[in-house]
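Below is one structure, written out as structure tokens; the observations come after it.
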Amino acid sequence: MKKELRKQLFHCYFKLLILHLTNEQVFGYVKNEDKIFDAKLEIKEIKRELKSK
């Protein structure tokens, strides 16, 4: 279980990195802002699960 959570955490960090690298500002609106927020939230949830175990 813990191994799967760490694997998920790695994938979330990788997804966050890709979103930051492909991020563009178009007409004052950041393209991937909501996706980045979702990825950060998912990382926090996984870390919380890992701490509880």
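Chain labels follow the order of the structure tokens: the first chain is A, the next B, and so on; residue numbering restarts at 1 in every chain, and ligands are counted from 1 in their shown order.
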Hey, what does DSSP flag as alpha helix (DSSP H) within range 7-47 of chain A? Can you give it to me as an NGL selection string? :A and (7-21 or 33-47)
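Taking chain A and asking which residues DSSP calls strand (DSSP E or B) on the backbone, you get Gln25, Val26, Tyr29 and Val30 of chain A.
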Could you turn the residues from that selection into a file that holds N, CA, C and O atoms, as a CSV table (one decimal), in the first residue's frame?
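So the final result, stored in selection.csv, reads:
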```
chain,number,residue,atom,x,y,z
A,25,GLN,N,1.1,32.1,-20.4
A,25,GLN,CA,0.1,33.1,-20.0
A,25,GLN,C,-0.5,33.7,-21.2
A,25,GLN,O,0.2,34.2,-22.1
A,26,VAL,N,-1.8,33.5,-21.4
A,26,VAL,CA,-2.5,33.9,-22.6
A,26,VAL,C,-3.6,34.9,-22.1
A,26,VAL,O,-4.5,34.6,-21.4
A,29,TYR,N,-4.4,35.3,-18.5
A,29,TYR,CA,-4.9,34.1,-17.9
A,29,TYR,C,-3.9,33.0,-18.0
A,29,TYR,O,-3.4,32.7,-19.1
A,30,VAL,N,-3.5,32.4,-16.9
A,30,VAL,CA,-2.5,31.3,-16.9
A,30,VAL,C,-3.2,30.0,-17.3
A,30,VAL,O,-4.2,29.6,-16.7
```
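Candidate residues A:Leu16, A:Met1, A:Leu9, A:Leu21 were compared for distance to Lys44 in chain A, and the nearest is A:Leu9, using only C-alpha atoms.
Atom pair CA of Lys47 in chain A / CA of Lys31 in chain A has a distance of 26.3 Å (rounded to one decimal).
Between CA of Cys12 in chain A and CA of Ala39 in chain A the separation is 6.1 Å.
The interatomic distance for the pair CA of His20 in chain A and CA of Leu5 in chain A works out to 22.5 Å.
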